[in-house]
>>> print(open('run-v8.csv').read())   # CSV, C-alpha atoms
chain,number,residue,atom,x,y,z
U,1,MET,CA,0.0,0.0,0.0
U,2,GLU,CA,1.1,3.5,-0.7
U,3,GLU,CA,-0.3,6.7,0.6
U,4,ILE,CA,-1.1,9.7,-1.7
U,5,HIS,CA,-2.4,13.1,-0.8
U,6,ILE,CA,-5.0,14.7,-3.1
U,7,GLN,CA,-7.4,17.6,-3.0
U,8,CYS,CA,-11.1,16.6,-3.0
U,9,PRO,CA,-12.7,17.9,-6.3
U,10,TYR,CA,-15.9,18.7,-4.4
U,11,CYS,CA,-15.0,20.3,-1.0
U,12,LEU,CA,-11.3,21.2,-1.9
U,13,GLN,CA,-10.0,19.7,1.4
U,14,ALA,CA,-6.7,17.8,1.5
U,15,VAL,CA,-7.4,14.1,1.9
U,16,THR,CA,-5.2,11.0,2.1
U,17,VAL,CA,-5.9,7.9,0.1
U,18,LEU,CA,-4.2,4.4,0.4
U,19,LEU,CA,-3.6,2.7,-3.0
U,20,ASP,CA,-2.8,-0.9,-3.4
U,21,THR,CA,0.7,-1.3,-5.0
U,22,GLY,CA,0.3,-5.0,-5.3
U,23,VAL,CA,-1.8,-4.6,-8.4
U,24,TYR,CA,-0.1,-4.5,-11.8
U,25,GLU,CA,-0.2,-1.8,-14.4
U,26,TYR,CA,-3.4,0.4,-14.7
U,27,THR,CA,-6.1,0.4,-12.0
U,28,THR,CA,-9.2,2.6,-11.4
U,29,LEU,CA,-11.1,2.7,-8.1
U,30,ILE,CA,-13.7,4.8,-6.4
U,31,ASP,CA,-13.0,6.1,-2.9
U,32,ASP,CA,-15.1,8.5,-0.8
U,33,CYS,CA,-13.7,11.8,0.4
U,34,GLU,CA,-13.0,11.5,4.1
U,35,VAL,CA,-14.4,15.0,4.7
U,36,CYS,CA,-17.5,15.3,2.5
U,37,CYS,CA,-18.1,11.6,1.7
U,38,ARG,CA,-18.6,12.2,-2.0
U,39,PRO,CA,-17.1,9.7,-4.5
U,40,ILE,CA,-13.7,10.3,-6.2
U,41,GLU,CA,-12.5,8.2,-9.1
U,42,ILE,CA,-8.8,7.5,-8.8
U,43,SER,CA,-6.8,6.0,-11.6
U,44,TYR,CA,-3.2,4.9,-11.1
U,45,THR,CA,-0.4,3.0,-12.7
U,46,THR,CA,2.1,0.8,-10.7
U,47,GLU,CA,5.6,-0.3,-11.8
U,48,ASP,CA,7.6,-2.7,-9.7
U,49,GLY,CA,5.4,-2.1,-6.7
U,50,VAL,CA,5.6,1.7,-6.8
U,51,ILE,CA,3.0,4.1,-8.1
U,52,SER,CA,4.4,5.7,-11.2
U,53,SER,CA,1.4,8.0,-12.0
U,54,TYR,CA,-2.1,8.8,-10.8
U,55,SER,CA,-5.0,11.1,-11.5
U,56,TYR,CA,-8.4,11.7,-9.9
U,57,ASN,CA,-11.6,13.5,-10.6
U,58,SER,CA,-15.2,13.8,-9.5
U,59,ILE,CA,-17.7,11.2,-10.9
U,60,GLU,CA,-20.9,13.0,-10.3
U,61,GLY,CA,-22.7,15.1,-12.9
U,62,ASN,CA,-22.7,18.9,-13.1
U,63,GLU,CA,-22.1,20.4,-9.7
U,64,ASN,CA,-24.0,23.5,-8.7
>>> encode(input="run-v8.csv", output="structure tokens")
Amino acid sequence: MEEIHIQCPYCLQAVTVLLDTGVYEYTTLIDDCEVCCRPIEISYTTEDGVISSYSYNSIEGNEN
């Protein structure tokens, strides 16, 4: 497992996410923000047990 720090796309708070580095290549998962509980889609790539890149975004429709 590897810890990353992201900014929630909804509430803009800093949150910590644990990603499984035991998976290989490209992985996508949904994790809820620990502050506002809204879903965040996180995609990442692992190489030799280390996260080589990641991205994240909201998965809900138009936010007002």
>>> atom_distance(input="run-v8.csv", atom1="CA of Ile4 (chain U)", atom2="CA of Asn57 (chain U)")
14.3 Å
>>> closest_residue(input="run-v8.csv", among="U:Tyr54, U:Gln13, U:Glu2, U:Leu18", to="Cys37 (chain U)", atoms="only C-alpha atoms")
U:Gln13
>>> closest_residue(input="run-v8.csv", among="U:Met1, U:Ile42, U:Val35, U:Val50", to="Leu19 (chain U)", atoms="all atoms listed in the file")
U:Met1
>>> residues_around(input="run-v8.csv", residues="Ile6 (chain U)", least_positions_apart="6", cutoff="8 Å", atoms="all atoms listed in the file", output="mmCIF file with C-alpha atoms, in the coordinates of the input")
data_model
loop_
_atom_site.group_PDB
_atom_site.id
_atom_site.type_symbol
_atom_site.label_atom_id
_atom_site.label_comp_id
_atom_site.auth_asym_id
_atom_site.auth_seq_id
_atom_site.Cartn_x
_atom_site.Cartn_y
_atom_site.Cartn_z
ATOM 1 C CA ALA U 14 -6.700 17.800 1.500
ATOM 2 C CA VAL U 15 -7.400 14.100 1.900
ATOM 3 C CA THR U 16 -5.200 11.000 2.100
ATOM 4 C CA VAL U 17 -5.900 7.900 0.100
#
>>> residues_around(input="run-v8.csv", residues="Pro39 (chain U)", least_positions_apart="2", cutoff="9 Å", atoms="all atoms listed in the file", output="list of chain:residue names")
U:Ile30, U:Asp31, U:Asp32, U:Cys33, U:Cys36, U:Cys37, U:Glu41, U:Ser58, U:Ile59, U:Glu60
>>> closest_residue(input="run-v8.csv", among="U:Tyr10, U:Asp20, U:Arg38, U:Glu25", to="Ser52 (chain U)", atoms="all atoms listed in the file")
U:Glu25
>>> residues_around(input="run-v8.csv", residues="Ser53 (chain U)", least_positions_apart="6", cutoff="8 Å", atoms="only C-alpha atoms", output="number ranges by chain")
U: 44-46
>>> atom_distance(input="run-v8.csv", atom1="CA of Gly49 (chain U)", atom2="CA of Thr21 (chain U)")
5.1 Å
>>> atom_distance(input="run-v8.csv", atom1="CA of Glu34 (chain U)", atom2="CA of Asp48 (chain U)")
28.6 Å
>>> closest_residue(input="run-v8.csv", among="U:Gln7, U:Leu12, U:Tyr56, U:Glu47", to="Leu29 (chain U)", atoms="all atoms listed in the file")
U:Tyr56
>>> decode(input="run-v8.csv", residues="region 33-64 of chain U", atoms="N, CA and C atoms", output="mmCIF file, in the first residue's frame")
data_model
loop_
_atom_site.group_PDB
_atom_site.id
_atom_site.type_symbol
_atom_site.label_atom_id
_atom_site.label_comp_id
_atom_site.auth_asym_id
_atom_site.auth_seq_id
_atom_site.Cartn_x
_atom_site.Cartn_y
_atom_site.Cartn_z
ATOM 1 N N CYS U 33 -14.458 10.761 -0.312
ATOM 2 C CA CYS U 33 -13.711 11.792 0.409
ATOM 3 C C CYS U 33 -13.951 11.598 1.896
ATOM 4 N N GLU U 34 -12.884 11.640 2.694
ATOM 5 C CA GLU U 34 -13.023 11.452 4.132
ATOM 6 C C GLU U 34 -13.629 12.674 4.824
ATOM 7 N N VAL U 35 -13.770 13.789 4.106
ATOM 8 C CA VAL U 35 -14.357 15.000 4.677
ATOM 9 C C VAL U 35 -15.834 15.127 4.290
ATOM 10 N N CYS U 36 -16.137 15.122 2.978
ATOM 11 C CA CYS U 36 -17.517 15.350 2.519
ATOM 12 C C CYS U 36 -18.229 14.075 2.071
ATOM 13 N N CYS U 37 -17.521 12.963 2.041
ATOM 14 C CA CYS U 37 -18.077 11.635 1.720
ATOM 15 C C CYS U 37 -18.568 11.491 0.280
ATOM 16 N N ARG U 38 -18.149 12.341 -0.615
ATOM 17 C CA ARG U 38 -18.563 12.216 -2.016
ATOM 18 C C ARG U 38 -17.540 11.357 -2.770
ATOM 19 N N PRO U 39 -17.973 10.670 -3.825
ATOM 20 C CA PRO U 39 -17.095 9.717 -4.513
ATOM 21 C C PRO U 39 -16.064 10.380 -5.424
ATOM 22 N N ILE U 40 -14.853 9.871 -5.344
ATOM 23 C CA ILE U 40 -13.748 10.335 -6.192
ATOM 24 C C ILE U 40 -13.224 9.133 -6.971
ATOM 25 N N GLU U 41 -13.092 9.297 -8.274
ATOM 26 C CA GLU U 41 -12.515 8.246 -9.115
ATOM 27 C C GLU U 41 -11.011 8.467 -9.179
ATOM 28 N N ILE U 42 -10.259 7.443 -8.804
ATOM 29 C CA ILE U 42 -8.804 7.524 -8.789
ATOM 30 C C ILE U 42 -8.251 6.467 -9.737
ATOM 31 N N SER U 43 -7.433 6.895 -10.670
ATOM 32 C CA SER U 43 -6.782 5.980 -11.605
ATOM 33 C C SER U 43 -5.282 6.073 -11.369
ATOM 34 N N TYR U 44 -4.624 4.913 -11.368
ATOM 35 C CA TYR U 44 -3.180 4.946 -11.136
ATOM 36 C C TYR U 44 -2.487 3.778 -11.833
ATOM 37 N N THR U 45 -1.198 3.956 -12.019
ATOM 38 C CA THR U 45 -0.356 2.955 -12.652
ATOM 39 C C THR U 45 0.767 2.586 -11.694
ATOM 40 N N THR U 46 1.026 1.281 -11.573
ATOM 41 C CA THR U 46 2.137 0.834 -10.733
ATOM 42 C C THR U 46 3.208 0.183 -11.601
ATOM 43 N N GLU U 47 4.439 0.359 -11.186
ATOM 44 C CA GLU U 47 5.580 -0.287 -11.838
ATOM 45 C C GLU U 47 6.503 -0.787 -10.732
ATOM 46 N N ASP U 48 6.745 -2.069 -10.715
ATOM 47 C CA ASP U 48 7.624 -2.689 -9.710
ATOM 48 C C ASP U 48 7.192 -2.352 -8.284
ATOM 49 N N GLY U 49 5.875 -2.362 -8.035
ATOM 50 C CA GLY U 49 5.361 -2.132 -6.697
ATOM 51 C C GLY U 49 5.341 -0.686 -6.238
ATOM 52 N N VAL U 50 5.573 0.250 -7.167
ATOM 53 C CA VAL U 50 5.589 1.673 -6.841
ATOM 54 C C VAL U 50 4.616 2.393 -7.771
ATOM 55 N N ILE U 51 3.876 3.337 -7.237
ATOM 56 C CA ILE U 51 2.955 4.112 -8.073
ATOM 57 C C ILE U 51 3.759 5.049 -8.947
ATOM 58 N N SER U 52 3.615 4.901 -10.262
ATOM 59 C CA SER U 52 4.375 5.732 -11.187
ATOM 60 C C SER U 52 3.589 6.956 -11.636
ATOM 61 N N SER U 53 2.256 6.879 -11.617
ATOM 62 C CA SER U 53 1.428 8.039 -11.960
ATOM 63 C C SER U 53 0.025 7.829 -11.435
ATOM 64 N N TYR U 54 -0.676 8.923 -11.197
ATOM 65 C CA TYR U 54 -2.069 8.829 -10.769
ATOM 66 C C TYR U 54 -2.822 10.092 -11.169
ATOM 67 N N SER U 55 -4.144 9.956 -11.272
ATOM 68 C CA SER U 55 -5.019 11.088 -11.532
ATOM 69 C C SER U 55 -6.325 10.825 -10.801
ATOM 70 N N TYR U 56 -7.094 11.862 -10.583
ATOM 71 C CA TYR U 56 -8.359 11.711 -9.870
ATOM 72 C C TYR U 56 -9.318 12.800 -10.322
ATOM 73 N N ASN U 57 -10.613 12.511 -10.203
ATOM 74 C CA ASN U 57 -11.633 13.490 -10.557
ATOM 75 C C ASN U 57 -12.964 13.103 -9.935
ATOM 76 N N SER U 58 -13.898 14.023 -9.999
ATOM 77 C CA SER U 58 -15.245 13.757 -9.496
ATOM 78 C C SER U 58 -15.951 12.818 -10.460
ATOM 79 N N ILE U 59 -16.922 12.083 -9.962
ATOM 80 C CA ILE U 59 -17.655 11.188 -10.861
ATOM 81 C C ILE U 59 -19.129 11.551 -10.954
ATOM 82 N N GLU U 60 -19.531 12.579 -10.218
ATOM 83 C CA GLU U 60 -20.922 12.994 -10.275
ATOM 84 C C GLU U 60 -21.104 14.009 -11.404
ATOM 85 N N GLY U 61 -22.346 14.221 -11.782
ATOM 86 C CA GLY U 61 -22.666 15.141 -12.881
ATOM 87 C C GLY U 61 -22.386 16.576 -12.534
ATOM 88 N N ASN U 62 -22.979 17.484 -13.261
ATOM 89 C CA ASN U 62 -22.748 18.917 -13.083
ATOM 90 C C ASN U 62 -22.987 19.335 -11.648
ATOM 91 N N GLU U 63 -21.985 19.928 -11.069
ATOM 92 C CA GLU U 63 -22.070 20.390 -9.680
ATOM 93 C C GLU U 63 -22.533 21.837 -9.656
ATOM 94 N N ASN U 64 -23.486 22.119 -8.805
ATOM 95 C CA ASN U 64 -23.987 23.506 -8.676
ATOM 96 C C ASN U 64 -23.655 24.045 -7.318
#
